[in-house]
Structures are given as structure tokens and as C-alpha cells.
Amino acid sequence: MKTVKVSVVTPDGPVYEADVEMVVTRAQSGELGILPGHIPMVAPLQIGVVRMKKATNTELVAVSGGFLEVRPDQVTILAQTAETAEQIDARRAEEAKQRAEQRLQAKQDDVDFRRAELSLKRAINRLNVTQNKY
Ligand code: ATP
């Protein structure tokens with residue numbers, strides 16, 4: 001099976017690099033599966049799970065938006081934050097989820113709902129990756 005090199009990079013540095021058979025992400029336009037030799041493209045990403053399909057297993061990376069750049073032999077994901085399943089502190093994500101839920105339920109004028117919603121999405125996304133859900 002052919003493979004394509006995939007790198008996930010954040011402002012803090014590289015997070016993941018591997019040769020994979022397919023990369024599956026959720027772009028703003030919907031789910032996107034990238035195989036080796038894919039035509040060049042750039043797409044914005046949502047907060048979501050990136051699935052790296054290898055011959056015998058699939059590895060998951062949580063990303064909080066960013067951009068996907070595809071070249072025939074290389075896929076690059078530039079994300080504000082990204083973590084592999086092993087890097088995620090599930091307890092921290094659970095606490096972040098609870099904080100965000102409390103803010104969203106508070107019905108106070110000084111709550112920035114958009115910010116709390118995004119925080120909740122990031123936390124749920126991280127928990128999904130630790131539970132192998134996508
Ligand atoms: P928190 O409120 O727990 O900080 P957050 O969603 O506000 O969560 P971010 O601003 O998205 O956090 O990320 C800040 C940094 O912390 C990034 O480097 C990110 O990779 C890392 N990070 C955030 N949550 C976790 C987690 N649960 N486990 C491991 N690293 C995390």
C-alpha cells in the first residue's frame with residue numbers, strides 16, 4: 001500500500017509525524033479523506049479528530065482548528081493546538097469541559113458564550129480522542 005507523509009505542527013512545534021495510508025479530517029466543508037497522490041489543496045479545519053490510518057492501526061490526533069495543506073507526497077496540518085491520544089490529560093479535559101458547561105448554564109451577561117462554546121468543543125474533542133471516539 002502506498003503511503004503519504006503527514007506532519008501536524010503547532011506554534012509550539014511539531015506534534016506528530018508519520019507515513020500513513022490515509023488521513024481523514026473534518027474540514028469546514030465536511031469529512032475529507034486524503035490518499036497518497038491527492039491533488040494539491042488547502043482547507044480550513046474545524047475543532048476535531050484527525051485519523052491517521054496505518055496498515056495495522058489508526059492513530060488519532062485532536063486539533064483545534066487550523067489548516068490542512070495537501071501535496072501529492074505530503075500532508076501538513078497547521079493547528080493552534082494539537083495533541084496525540086498519549087499526550088492528552090483526560091482529567092484536565094474533563095475539568096475544562098465542566099468549567100465551560102457551568103459558564104454556558106450561568107445565563108449571566110458577562111459570560112462570553114462563543115468562547116465558552118469553543119472551550120467546550122475542545123474539551124469534548126480531547127475526551128473523544130482519549131476514548132478512541134471520532
Ligand atoms: P484548558 O482550560 O485545560 O487550558 P484549553 O482548551 O483552554 O484547556 P488550549 O488553549 O486549547 O487549552 O491549549 C493550551 C495548551 O495546552 C496547548 O499546548 C494544548 O495542546 C495544551 N492542552 C490543553 N488541554 C490539554 C489536555 N487536556 N491535555 C494535554 N494538553 C492540553
# chains A, B, ... in the order shown; residues from 1 in each chain; ligands from 1
>>> closest_atom_pairs(of="chain A", to="ligand 1", cutoff="10 Å", atoms="only C-alpha atoms and all ligand atoms", output="CSV")
residue,atom,partner,partner_atom_place_in_ligand_line,distance
A:Thr10,CA,ligand 1,18 (O),8.3
A:Pro11,CA,ligand 1,18 (O),8.8
A:Asp12,CA,ligand 1,18 (O),7.1
A:Gly13,CA,ligand 1,18 (O),9.7
A:Val15,CA,ligand 1,20 (O),9.1
A:Ile47,CA,ligand 1,11 (O),9.9
A:Ala62,CA,ligand 1,20 (O),8.8
A:Val63,CA,ligand 1,20 (O),8.5
A:Ser64,CA,ligand 1,11 (O),6.7
A:Gly65,CA,ligand 1,11 (O),10.0
A:Ala79,CA,ligand 1,20 (O),9.7
A:Gln80,CA,ligand 1,11 (O),7.6
A:Thr81,CA,ligand 1,20 (O),4.6
A:Ala82,CA,ligand 1,20 (O),5.2
A:Glu83,CA,ligand 1,20 (O),5.6
A:Thr84,CA,ligand 1,29 (C),8.7
A:Ala85,CA,ligand 1,28 (N),8.9
A:Glu86,CA,ligand 1,29 (C),8.8
A:Gln87,CA,ligand 1,29 (C),5.5
A:Ile88,CA,ligand 1,28 (N),3.6
A:Asp89,CA,ligand 1,28 (N),3.7
A:Ala90,CA,ligand 1,27 (N),5.4
A:Arg91,CA,ligand 1,27 (N),6.8
A:Arg92,CA,ligand 1,27 (N),4.6
A:Ala93,CA,ligand 1,27 (N),4.0
A:Glu94,CA,ligand 1,27 (N),7.6
A:Glu95,CA,ligand 1,3 (O),7.1
A:Ala96,CA,ligand 1,2 (O),4.8
A:Lys97,CA,ligand 1,2 (O),8.2
A:Gln98,CA,ligand 1,2 (O),10.0
A:Arg99,CA,ligand 1,2 (O),8.1
A:Ala100,CA,ligand 1,2 (O),8.6
A:Arg115,CA,ligand 1,7 (O),9.5
A:Ala116,CA,ligand 1,7 (O),9.3
A:Leu118,CA,ligand 1,6 (O),7.9
A:Ser119,CA,ligand 1,6 (O),5.1
A:Leu120,CA,ligand 1,6 (O),7.6
A:Lys121,CA,ligand 1,6 (O),8.3
A:Arg122,CA,ligand 1,6 (O),5.3
A:Ala123,CA,ligand 1,6 (O),6.0
A:Ile124,CA,ligand 1,6 (O),9.6
A:Asn125,CA,ligand 1,27 (N),9.6
A:Arg126,CA,ligand 1,27 (N),6.3
A:Leu127,CA,ligand 1,27 (N),7.8
A:Thr130,CA,ligand 1,27 (N),9.5
>>> select_by_dssp(residues="chain A", states="strand (DSSP E or B)", output="JSON, numbers by chain")
{"A": [4, 5, 6, 7, 8, 9, 10, 13, 14, 15, 16, 17, 18, 19, 20, 22, 23, 24, 25, 26, 27, 30, 31, 32, 33, 34, 41, 42, 43, 44, 45, 46, 47, 48, 49, 50, 51, 52, 53, 58, 59, 60, 61, 62, 63, 64, 65, 66, 67, 68, 69, 70, 71, 74, 75, 76, 77, 78, 82, 83, 84]}
>>> atom_distance(atom1="atom CA of A:Leu78", atom2="atom CA of A:Ala43")
10.6 Å
>>> atom_distance(atom1="atom CA of A:Gln46", atom2="atom CA of A:Arg71")
20.0 Å
>>> residues_around(residues="stretch 37-40 of chain A", least_positions_apart="5", cutoff="10 Å", atoms="only C-alpha atoms", output="list in words")
Lys2, Thr3, Val4, Glu69, Val70, Arg71, Pro72, Asp73, Gln74 and Val75 of chain A
>>> residues_around(residues="stretch 49-51 of chain A", least_positions_apart="5", cutoff="9 Å", atoms="only C-alpha atoms", output="list of chain:residue names")
A:Met22, A:Val23, A:Val24, A:Thr25, A:Arg26, A:Thr58, A:Glu59, A:Leu60, A:Val61, A:Ala62, A:Val63, A:Ser64, A:Asn125, A:Arg126, A:Asn128, A:Val129, A:Lys133, A:Tyr134
